[in-house]
Amino acid sequence: AAVFAVGHSSRDTFALLHGQGVAMEPKPFSIGFRIEHPQPLIDQARWGEHAGHPILGAADYKLVHHASNGRSVYSFCMCPGGLVVGATSEEGRVVTNGMSQYSRNERNANSGIVVAITPDDYPGGPLAGVDFQRELESRAFVLGGSNYKAPAQRLADFLAAKPSTDLGSGRPSYAPGVTPTDLSTALPEFAIEAIREALPAFAKQIPGFDHPDAVLTGVETRTSSPLRITRGADLQSTNTPGLFPAGEGAGFAGGILSAGIDGLRVGEAVARHLTGLLQAEQASQ
C-alpha cells in the first residue's frame, strides 16, 4: 500500500503519475486576488463600539456573492491581522496566499476574493488546470515587473478600470514588494467582471469594504487542487490497486481540517486493505 498525500502544488508528482497512467481528472477550483484592509476598519465594521476590545481580538469575515454573469465570488482563507505571502513554486511566476500569526496583530486584514471556475473554463486533459494556473501566474510575474514583485491595484482604480500609479494610503504586506498596475488583464474577463460586481455588494455587509485605498494583489490561483486522482469506494486508485490518493492535492479536501479528516479515512482504508491481504494469505496457507 502507498499513500499519496500530495500538496495541491505538487505539479511534478501529478505529471509523473499521469505519465504512468494513474487515473485522474480535472476538477473545479477558484482564481482571484488578495484584498487588504487596515484591520481596525474590519474590527469597526464587525464589532462596532466594542472594536479593539482585547477579548475579541482581530475580526474576520466570510462573504459570498452570486454575480449576474453566473459566477460565484467568495472570500477565501481570510487572515485577520495577517500577511499576504508569496506562494510560487516555479521560476518566472507569481502566486499569492495569506497567513496569520497566532497573535493576529499585523496591521492588515487580508482575504482571497476568488471566482469559482470549472473544467469547462480550461478544456483539455487532466493537467489542463495546471497549465491554466501557470498561464495566470506567468502573466502576474510580468505585470509585477518580472522581478517577483506582485501586481497590485487600488480598489477604486480597479472598479473604475484604470491603472494604479500609486496605492494611496494602502500599505500592502507582500514582502517581495508590489508594483501598482492594472489588474484587469491578470484574470479572464469573466472573473474580473464578477469581482467588480462583488466588491460593492460586499460593502453592504461590511461597511468600508469598498474603501478606495483597499489594495488588491494578484494572483491567487492555488485555492485547491486543479485535478483529482480518482479513487473507488475502498479509497484506492480506480486503476492502480494499492495506491491511496489522500488529502487536498489528490482532490479530496479543501483545507487543513478536511485534509486531516480524509487522512483518517485513508488510514482506516489502508488498515482494512492490509488486513484483508493478510487474511487472504493466511487462508491460502
# chains A, B, ... in the order shown; residues from 1 in each chain; ligands from 1

call {"tool": "closest_atom_pairs", "arguments": {"of": "stretch 46-145 of chain A", "to": "stretch 248-254 of chain A", "cutoff": "12 Å", "atoms": "only C-alpha atoms", "output": "tab-separated table"}}
result
residue	atom	partner	partner_atom	distance
A:Phe76	CA	A:Gly254	CA	10.7
A:Cys77	CA	A:Gly254	CA	10.5
A:Pro126	CA	A:Gly251	CA	11.9
A:Val130	CA	A:Gly249	CA	11.9

call {"tool": "write_last_selection", "arguments": {"atoms": "N, CA, C and O atoms", "output": "tab-separated table (two decimals), in the first residue's frame"}}
result
chain	number	residue	atom	x	y	z
A	76	PHE	N	-11.93	33.85	0.64
A	76	PHE	CA	-11.25	32.57	0.80
A	76	PHE	C	-10.04	32.76	1.70
A	76	PHE	O	-9.27	33.70	1.52
A	77	CYS	N	-9.88	31.86	2.68
A	77	CYS	CA	-8.69	31.86	3.54
A	77	CYS	C	-8.48	33.25	4.15
A	77	CYS	O	-7.43	33.84	4.02
A	126	PRO	N	-6.30	15.90	-17.96
A	126	PRO	CA	-6.24	16.05	-16.50
A	126	PRO	C	-5.30	17.16	-16.02
A	126	PRO	O	-5.51	17.70	-14.93
A	130	VAL	N	-3.54	22.75	-14.41
A	130	VAL	CA	-2.18	23.17	-14.07
A	130	VAL	C	-1.68	24.16	-15.12
A	130	VAL	O	-1.09	25.20	-14.79

call {"tool": "closest_atom_pairs", "arguments": {"of": "stretch 85-138 of chain A", "to": "stretch 226-233 of chain A", "cutoff": "9 Å", "atoms": "only C-alpha atoms", "output": "tab-separated table"}}
result
residue	atom	partner	partner_atom	distance
A:Pro119	CA	A:Pro226	CA	8.7
A:Pro126	CA	A:Leu227	CA	6.3
A:Leu127	CA	A:Leu227	CA	7.1
A:Ala128	CA	A:Pro226	CA	8.2
A:Gly129	CA	A:Pro226	CA	5.0
A:Val130	CA	A:Pro226	CA	6.3
A:Gln133	CA	A:Pro226	CA	8.4

call {"tool": "write_last_selection", "arguments": {"atoms": "C-alpha atoms", "output": "compact mmCIF listing (two decimals), in the first residue's frame"}}
result
# COMPACT_ATOMS: atom_id res chain seq x y z
CA PRO A 119 -13.00 22.40 -16.26
CA PRO A 126 -6.24 16.05 -16.50
CA LEU A 127 -3.32 18.51 -16.39
CA ALA A 128 -5.17 21.33 -18.18
CA GLY A 129 -5.90 23.08 -14.88
CA VAL A 130 -2.18 23.17 -14.07
CA GLN A 133 -2.75 28.21 -13.43

call {"tool": "residues_around", "arguments": {"residues": "A:Ile31", "least_positions_apart": "4", "cutoff": "10 Å", "atoms": "only C-alpha atoms", "output": "list in words"}}
result
Val73, Gly112, Ile113, Val114, Val115, Ala116, Ile117, Gln133, Leu136, Leu187, Pro188, Ala191, Gly218, Val219, Glu220, Thr221, Arg222, Thr223 and Ser224 of chain A

call {"tool": "write_last_selection", "arguments": {"atoms": "all heavy atoms", "output": "compact mmCIF listing (two decimals), in the first residue's frame"}}
result
# COMPACT_ATOMS: atom_id res chain seq x y z
N VAL A 73 -18.57 34.50 -6.44
CA VAL A 73 -17.39 35.16 -5.90
C VAL A 73 -17.45 35.03 -4.38
O VAL A 73 -18.50 35.28 -3.79
CB VAL A 73 -17.33 36.65 -6.30
CG1 VAL A 73 -16.03 37.29 -5.83
CG2 VAL A 73 -17.51 36.82 -7.80
N GLY A 112 -8.51 36.14 0.29
CA GLY A 112 -8.66 35.92 -1.13
C GLY A 112 -10.07 36.31 -1.54
O GLY A 112 -11.03 36.03 -0.84
N ILE A 113 -10.20 37.01 -2.66
CA ILE A 113 -11.50 37.27 -3.28
C ILE A 113 -11.45 36.51 -4.60
O ILE A 113 -10.78 36.93 -5.55
CB ILE A 113 -11.75 38.77 -3.51
CG1 ILE A 113 -11.74 39.51 -2.16
CG2 ILE A 113 -13.07 38.99 -4.24
CD1 ILE A 113 -12.84 39.10 -1.20
N VAL A 114 -12.13 35.39 -4.64
CA VAL A 114 -11.92 34.44 -5.73
C VAL A 114 -13.21 34.08 -6.43
O VAL A 114 -14.31 34.18 -5.87
CB VAL A 114 -11.21 33.16 -5.21
CG1 VAL A 114 -9.83 33.49 -4.65
CG2 VAL A 114 -12.05 32.46 -4.15
N VAL A 115 -13.05 33.62 -7.66
CA VAL A 115 -14.17 33.26 -8.53
C VAL A 115 -14.09 31.77 -8.83
O VAL A 115 -13.02 31.27 -9.21
CB VAL A 115 -14.11 34.06 -9.85
CG1 VAL A 115 -15.27 33.69 -10.76
CG2 VAL A 115 -14.09 35.56 -9.57
N ALA A 116 -15.19 31.08 -8.66
CA ALA A 116 -15.22 29.65 -8.92
C ALA A 116 -15.17 29.40 -10.42
O ALA A 116 -15.86 30.06 -11.21
CB ALA A 116 -16.48 29.04 -8.32
N ILE A 117 -14.34 28.43 -10.83
CA ILE A 117 -14.25 28.04 -12.24
C ILE A 117 -14.37 26.51 -12.33
O ILE A 117 -14.20 25.80 -11.33
CB ILE A 117 -12.94 28.51 -12.90
CG1 ILE A 117 -11.71 27.90 -12.20
CG2 ILE A 117 -12.86 30.02 -12.89
CD1 ILE A 117 -10.40 28.20 -12.90
N GLN A 133 -3.37 27.50 -14.56
CA GLN A 133 -2.75 28.21 -13.43
C GLN A 133 -1.42 28.83 -13.84
O GLN A 133 -1.14 30.00 -13.53
CB GLN A 133 -2.51 27.24 -12.27
CG GLN A 133 -3.77 26.77 -11.56
CD GLN A 133 -3.46 25.73 -10.50
OE1 GLN A 133 -2.52 24.94 -10.63
NE2 GLN A 133 -4.26 25.70 -9.45
N LEU A 136 -1.76 32.11 -15.82
CA LEU A 136 -2.10 33.26 -15.00
C LEU A 136 -0.94 33.70 -14.12
O LEU A 136 -0.70 34.90 -13.94
CB LEU A 136 -3.31 32.94 -14.13
CG LEU A 136 -4.62 32.60 -14.86
CD1 LEU A 136 -5.72 32.31 -13.86
CD2 LEU A 136 -5.03 33.70 -15.81
N LEU A 187 -6.61 38.27 -14.95
CA LEU A 187 -7.53 37.14 -14.91
C LEU A 187 -8.43 37.19 -16.14
O LEU A 187 -8.53 38.24 -16.80
CB LEU A 187 -8.41 37.20 -13.65
CG LEU A 187 -7.71 37.14 -12.29
CD1 LEU A 187 -8.75 37.33 -11.18
CD2 LEU A 187 -6.96 35.83 -12.10
N PRO A 188 -9.11 36.10 -16.47
CA PRO A 188 -10.06 36.14 -17.57
C PRO A 188 -11.13 37.21 -17.35
O PRO A 188 -11.46 37.56 -16.21
CB PRO A 188 -10.67 34.74 -17.57
CG PRO A 188 -9.65 33.88 -16.90
CD PRO A 188 -8.99 34.75 -15.88
N ALA A 191 -13.95 36.68 -14.83
CA ALA A 191 -13.58 36.77 -13.42
C ALA A 191 -13.47 38.22 -12.98
O ALA A 191 -13.94 38.59 -11.88
CB ALA A 191 -12.26 36.05 -13.19
N GLY A 218 -2.31 40.45 -6.88
CA GLY A 218 -2.52 39.24 -7.68
C GLY A 218 -1.30 38.35 -7.77
O GLY A 218 -0.18 38.78 -7.51
N VAL A 219 -1.53 37.12 -8.12
CA VAL A 219 -2.83 36.46 -8.30
C VAL A 219 -2.93 35.32 -7.29
O VAL A 219 -1.92 34.84 -6.80
CB VAL A 219 -3.01 35.88 -9.73
CG1 VAL A 219 -3.18 36.97 -10.76
CG2 VAL A 219 -1.85 34.94 -10.11
N GLU A 220 -4.17 34.93 -7.01
CA GLU A 220 -4.44 33.76 -6.15
C GLU A 220 -4.95 32.65 -7.07
O GLU A 220 -6.03 32.78 -7.65
CB GLU A 220 -5.48 34.11 -5.09
CG GLU A 220 -5.91 32.92 -4.26
CD GLU A 220 -5.37 32.94 -2.83
OE1 GLU A 220 -5.00 34.01 -2.35
OE2 GLU A 220 -5.36 31.86 -2.20
N THR A 221 -4.17 31.60 -7.23
CA THR A 221 -4.53 30.51 -8.14
C THR A 221 -4.52 29.15 -7.47
O THR A 221 -4.97 28.17 -8.06
CB THR A 221 -3.57 30.45 -9.33
OG1 THR A 221 -2.22 30.39 -8.84
CG2 THR A 221 -3.71 31.66 -10.23
N ARG A 222 -3.99 29.05 -6.25
CA ARG A 222 -3.81 27.75 -5.61
C ARG A 222 -4.85 27.51 -4.52
O ARG A 222 -4.55 27.03 -3.43
CB ARG A 222 -2.40 27.65 -5.01
CG ARG A 222 -1.26 28.07 -5.94
CD ARG A 222 -0.91 27.03 -6.98
NE ARG A 222 0.22 27.46 -7.79
CZ ARG A 222 1.50 27.20 -7.52
NH1 ARG A 222 1.82 26.48 -6.46
NH2 ARG A 222 2.46 27.63 -8.32
N THR A 223 -6.10 27.86 -4.79
CA THR A 223 -7.14 27.71 -3.77
C THR A 223 -7.38 26.24 -3.44
O THR A 223 -7.69 25.90 -2.29
CB THR A 223 -8.46 28.33 -4.26
OG1 THR A 223 -8.77 27.80 -5.56
CG2 THR A 223 -8.34 29.84 -4.36
N SER A 224 -7.29 25.37 -4.43
CA SER A 224 -7.40 23.93 -4.22
C SER A 224 -6.78 23.25 -5.41
O SER A 224 -6.38 23.90 -6.38
CB SER A 224 -8.86 23.49 -4.04
OG SER A 224 -9.61 23.69 -5.22

call {"tool": "closest_residue", "arguments": {"among": "A:Pro123, A:Gly48, A:Gly144, A:Gly21", "to": "A:Pro176", "atoms": "only C-alpha atoms"}}
result
A:Gly144

call {"tool": "closest_residue", "arguments": {"among": "A:Asp131, A:Glu137, A:Glu36, A:Asp157", "to": "A:Phe209", "atoms": "only C-alpha atoms"}}
result
A:Glu36

call {"tool": "atom_distance", "arguments": {"atom1": "atom CA of A:Thr96", "atom2": "atom CA of A:Val178"}}
result
11.2 Å

call {"tool": "closest_residue", "arguments": {"among": "A:Thr118, A:Gln236, A:Thr217, A:Ser146", "to": "A:Val85", "atoms": "only C-alpha atoms"}}
result
A:Thr217

call {"tool": "closest_residue", "arguments": {"among": "A:Gly170, A:Gly260, A:Gly242, A:Gly124", "to": "A:Leu155", "atoms": "only C-alpha atoms"}}
result
A:Gly170

call {"tool": "residues_around", "arguments": {"residues": "A:Ala109", "least_positions_apart": "3", "cutoff": "9 Å", "atoms": "only C-alpha atoms", "output": "JSON list (two decimals) with N, CA, C and O atoms, in the first residue's frame"}}
result
[["chain", "number", "residue", "atom", "x", "y", "z"],
["A", 35, "ILE", "N", -7.17, 40.70, -1.11],
["A", 35, "ILE", "CA", -7.56, 42.07, -0.77],
["A", 35, "ILE", "C", -7.11, 42.37, 0.65],
["A", 35, "ILE", "O", -7.20, 41.51, 1.54],
["A", 36, "GLU", "N", -6.58, 43.58, 0.85],
["A", 36, "GLU", "CA", -6.11, 44.00, 2.18],
["A", 36, "GLU", "C", -6.81, 45.29, 2.61],
["A", 36, "GLU", "O", -6.95, 46.24, 1.83],
["A", 37, "HIS", "N", -7.25, 45.28, 3.86],
["A", 37, "HIS", "CA", -7.80, 46.46, 4.53],
["A", 37, "HIS", "C", -7.05, 46.65, 5.85],
["A", 37, "HIS", "O", -6.59, 45.66, 6.44],
["A", 38, "PRO", "N", -6.99, 47.87, 6.36],
["A", 38, "PRO", "CA", -6.49, 48.02, 7.74],
["A", 38, "PRO", "C", -7.37, 47.20, 8.68],
["A", 38, "PRO", "O", -8.60, 47.25, 8.59],
["A", 39, "GLN", "N", -6.75, 46.45, 9.56],
["A", 39, "GLN", "CA", -7.52, 45.61, 10.47],
["A", 39, "GLN", "C", -8.53, 46.41, 11.30],
["A", 39, "GLN", "O", -9.66, 45.95, 11.51],
["A", 40, "PRO", "N", -8.20, 47.64, 11.77],
["A", 40, "PRO", "CA", -9.19, 48.41, 12.53],
["A", 40, "PRO", "C", -10.47, 48.68, 11.74],
["A", 40, "PRO", "O", -11.55, 48.78, 12.33],
["A", 41, "LEU", "N", -10.38, 48.80, 10.41],
["A", 41, "LEU", "CA", -11.58, 49.02, 9.60],
["A", 41, "LEU", "C", -12.51, 47.81, 9.69],
["A", 41, "LEU", "O", -13.73, 47.96, 9.85],
["A", 42, "ILE", "N", -11.93, 46.62, 9.60],
["A", 42, "ILE", "CA", -12.74, 45.40, 9.70],
["A", 42, "ILE", "C", -13.27, 45.24, 11.12],
["A", 42, "ILE", "O", -14.43, 44.86, 11.33],
["A", 58, "ALA", "N", -8.80, 40.29, 16.70],
["A", 58, "ALA", "CA", -8.98, 40.75, 15.33],
["A", 58, "ALA", "C", -10.20, 40.08, 14.70],
["A", 58, "ALA", "O", -10.36, 38.86, 14.78],
["A", 59, "ALA", "N", -11.06, 40.87, 14.09],
["A", 59, "ALA", "CA", -12.29, 40.36, 13.49],
["A", 59, "ALA", "C", -12.01, 39.70, 12.15],
["A", 59, "ALA", "O", -11.09, 40.09, 11.42],
["A", 60, "ASP", "N", -12.85, 38.71, 11.81],
["A", 60, "ASP", "CA", -12.74, 38.09, 10.50],
["A", 60, "ASP", "C", -14.07, 38.22, 9.77],
["A", 60, "ASP", "O", -15.01, 38.87, 10.25],
["A", 78, "MET", "N", -9.53, 33.74, 4.84],
["A", 78, "MET", "CA", -9.46, 35.06, 5.44],
["A", 78, "MET", "C", -8.45, 35.04, 6.58],
["A", 78, "MET", "O", -8.46, 34.15, 7.44],
["A", 79, "CYS", "N", -7.56, 36.04, 6.60],
["A", 79, "CYS", "CA", -6.46, 36.09, 7.57],
["A", 79, "CYS", "C", -6.53, 37.38, 8.38],
["A", 79, "CYS", "O", -6.02, 38.42, 7.94],
["A", 80, "PRO", "N", -7.17, 37.37, 9.56],
["A", 80, "PRO", "CA", -7.22, 38.58, 10.37],
["A", 80, "PRO", "C", -5.85, 38.93, 10.92],
["A", 80, "PRO", "O", -5.09, 38.05, 11.34],
["A", 81, "GLY", "N", -5.53, 40.21, 10.91],
["A", 81, "GLY", "CA", -4.23, 40.64, 11.41],
["A", 81, "GLY", "C", -3.09, 39.85, 10.80],
["A", 81, "GLY", "O", -2.16, 39.45, 11.49],
["A", 82, "GLY", "N", -3.16, 39.66, 9.50],
["A", 82, "GLY", "CA", -2.23, 38.74, 8.84],
["A", 82, "GLY", "C", -1.37, 39.38, 7.76],
["A", 82, "GLY", "O", -1.24, 40.61, 7.68],
["A", 83, "LEU", "N", -0.83, 38.53, 6.91],
["A", 83, "LEU", "CA", 0.09, 38.95, 5.85],
["A", 83, "LEU", "C", -0.29, 38.28, 4.54],
["A", 83, "LEU", "O", -0.76, 37.15, 4.52],
["A", 100, "SER", "N", -1.95, 34.17, 8.95],
["A", 100, "SER", "CA", -1.98, 34.94, 10.20],
["A", 100, "SER", "C", -1.06, 34.27, 11.20],
["A", 100, "SER", "O", -1.05, 33.04, 11.32],
["A", 106, "GLU", "N", -0.85, 41.82, 13.01],
["A", 106, "GLU", "CA", -0.31, 42.63, 11.93],
["A", 106, "GLU", "C", -1.33, 43.72, 11.56],
["A", 106, "GLU", "O", -2.50, 43.64, 11.91]]

call {"tool": "closest_residue", "arguments": {"among": "A:Ala175, A:Ala87, A:Ala160, A:Val94", "to": "A:Val142", "atoms": "only C-alpha atoms"}}
result
A:Val94

call {"tool": "residues_around", "arguments": {"residues": "A:Leu159", "least_positions_apart": "3", "cutoff": "10 Å", "atoms": "only C-alpha atoms", "output": "number ranges by chain"}}
result
A: 153-156, 162, 184, 192-193, 195-197, 199-200, 210, 212

call {"tool": "write_last_selection", "arguments": {"atoms": "all heavy atoms", "output": "short mmCIF file (atom, residue, chain, number, x, y, z; two decimals), in the first residue's frame"}}
result
data_model
loop_
_atom_site.label_atom_id
_atom_site.label_comp_id
_atom_site.auth_asym_id
_atom_site.auth_seq_id
_atom_site.Cartn_x
_atom_site.Cartn_y
_atom_site.Cartn_z
N GLN A 153 -3.24 46.88 -7.13
CA GLN A 153 -4.08 47.98 -7.60
C GLN A 153 -4.97 48.48 -6.47
O GLN A 153 -5.47 47.68 -5.67
CB GLN A 153 -4.93 47.52 -8.78
CG GLN A 153 -5.63 48.64 -9.54
CD GLN A 153 -6.27 48.15 -10.83
OE1 GLN A 153 -6.45 46.95 -11.05
NE2 GLN A 153 -6.61 49.08 -11.71
N ARG A 154 -5.16 49.81 -6.43
CA ARG A 154 -6.15 50.38 -5.52
C ARG A 154 -7.53 49.90 -5.92
O ARG A 154 -7.85 49.77 -7.11
CB ARG A 154 -6.13 51.90 -5.56
CG ARG A 154 -4.91 52.56 -5.00
CD ARG A 154 -4.98 54.08 -5.17
NE ARG A 154 -6.08 54.68 -4.43
CZ ARG A 154 -7.11 55.33 -5.01
NH1 ARG A 154 -7.19 55.44 -6.31
NH2 ARG A 154 -8.05 55.88 -4.25
N LEU A 155 -8.37 49.63 -4.93
CA LEU A 155 -9.71 49.15 -5.23
C LEU A 155 -10.48 50.14 -6.08
O LEU A 155 -11.17 49.75 -7.03
CB LEU A 155 -10.45 48.85 -3.92
CG LEU A 155 -11.82 48.20 -4.07
CD1 LEU A 155 -12.09 47.25 -2.91
CD2 LEU A 155 -12.93 49.24 -4.13
N ALA A 156 -10.37 51.45 -5.79
CA ALA A 156 -11.10 52.45 -6.56
C ALA A 156 -10.68 52.42 -8.02
O ALA A 156 -11.51 52.55 -8.92
CB ALA A 156 -10.88 53.84 -5.97
N LYS A 162 -9.10 51.63 -14.39
CA LYS A 162 -7.96 52.44 -14.79
C LYS A 162 -6.73 51.99 -14.01
O LYS A 162 -6.84 51.56 -12.84
CB LYS A 162 -8.23 53.92 -14.57
CG LYS A 162 -8.33 54.35 -13.12
CD LYS A 162 -8.50 55.87 -13.01
CE LYS A 162 -8.44 56.34 -11.56
NZ LYS A 162 -8.56 57.81 -11.46
N SER A 184 -6.74 44.31 -14.62
CA SER A 184 -7.85 43.84 -15.46
C SER A 184 -7.43 42.77 -16.46
O SER A 184 -8.28 42.05 -16.98
CB SER A 184 -8.48 45.02 -16.21
OG SER A 184 -7.55 45.61 -17.11
N ILE A 192 -12.85 39.07 -13.81
CA ILE A 192 -12.75 40.50 -13.50
C ILE A 192 -14.14 41.10 -13.37
O ILE A 192 -14.44 41.85 -12.42
CB ILE A 192 -11.95 41.23 -14.59
CG1 ILE A 192 -10.51 40.69 -14.65
CG2 ILE A 192 -11.96 42.73 -14.34
CD1 ILE A 192 -9.69 40.92 -13.42
N GLU A 193 -15.03 40.79 -14.29
CA GLU A 193 -16.40 41.30 -14.27
C GLU A 193 -17.12 40.89 -13.00
O GLU A 193 -17.80 41.72 -12.36
CB GLU A 193 -17.14 40.76 -15.50
CG GLU A 193 -18.59 41.17 -15.61
CD GLU A 193 -19.26 40.50 -16.81
OE1 GLU A 193 -18.71 40.59 -17.92
OE2 GLU A 193 -20.33 39.88 -16.62
N ILE A 195 -15.79 39.97 -10.04
CA ILE A 195 -15.19 40.58 -8.85
C ILE A 195 -15.58 42.05 -8.76
O ILE A 195 -15.86 42.56 -7.66
CB ILE A 195 -13.65 40.40 -8.88
CG1 ILE A 195 -13.29 38.92 -8.71
CG2 ILE A 195 -12.99 41.22 -7.76
CD1 ILE A 195 -11.82 38.62 -8.91
N ARG A 196 -15.61 42.75 -9.89
CA ARG A 196 -16.01 44.16 -9.87
C ARG A 196 -17.45 44.32 -9.38
O ARG A 196 -17.79 45.30 -8.73
CB ARG A 196 -15.86 44.77 -11.27
CG ARG A 196 -14.43 45.15 -11.62
CD ARG A 196 -14.37 45.92 -12.91
NE ARG A 196 -12.99 46.37 -13.16
CZ ARG A 196 -12.37 46.32 -14.34
NH1 ARG A 196 -13.02 45.83 -15.39
NH2 ARG A 196 -11.14 46.75 -14.47
N GLU A 197 -18.29 43.36 -9.67
CA GLU A 197 -19.67 43.41 -9.19
C GLU A 197 -19.75 43.04 -7.71
O GLU A 197 -20.57 43.60 -6.96
CB GLU A 197 -20.53 42.46 -10.02
CG GLU A 197 -21.99 42.44 -9.61
CD GLU A 197 -22.81 41.44 -10.42
OE1 GLU A 197 -22.61 41.37 -11.66
OE2 GLU A 197 -23.65 40.74 -9.83
N LEU A 199 -17.44 43.34 -5.16
CA LEU A 199 -16.83 44.19 -4.14
C LEU A 199 -17.81 45.22 -3.56
O LEU A 199 -17.91 45.35 -2.33
CB LEU A 199 -15.57 44.86 -4.70
CG LEU A 199 -14.40 43.90 -4.98
CD1 LEU A 199 -13.28 44.62 -5.72
CD2 LEU A 199 -13.88 43.30 -3.68
N PRO A 200 -18.56 45.96 -4.37
CA PRO A 200 -19.56 46.87 -3.78
C PRO A 200 -20.66 46.11 -3.03
O PRO A 200 -21.18 46.61 -2.02
CB PRO A 200 -20.13 47.60 -5.00
CG PRO A 200 -19.07 47.50 -6.05
CD PRO A 200 -18.45 46.15 -5.84
N ASP A 210 -15.37 48.51 0.48
CA ASP A 210 -15.02 49.10 -0.81
C ASP A 210 -14.21 50.39 -0.64
O ASP A 210 -14.25 51.28 -1.51
CB ASP A 210 -16.26 49.36 -1.65
CG ASP A 210 -17.26 50.29 -0.95
OD1 ASP A 210 -17.07 50.58 0.26
OD2 ASP A 210 -18.23 50.71 -1.62
N PRO A 212 -11.62 53.15 -1.03
CA PRO A 212 -10.85 53.39 -2.25
C PRO A 212 -9.42 52.90 -2.20
O PRO A 212 -8.85 52.49 -3.22
CB PRO A 212 -10.90 54.92 -2.38
CG PRO A 212 -12.13 55.33 -1.64
CD PRO A 212 -12.26 54.35 -0.51
#

call {"tool": "select_by_dssp", "arguments": {"residues": "stretch 161-242 of chain A", "states": "helix (DSSP H, G or I)", "output": "list in words"}}
result
Leu183, Ser184, Thr185, Glu189, Phe190, Ala191, Ile192, Glu193, Ala194, Ile195, Arg196, Glu197, Ala198, Leu199, Pro200, Ala201, Phe202 and Ala203 of chain A

call {"tool": "atom_distance", "arguments": {"atom1": "atom CA of A:Phe244", "atom2": "atom CA of A:Gly263"}}
result
10.0 Å
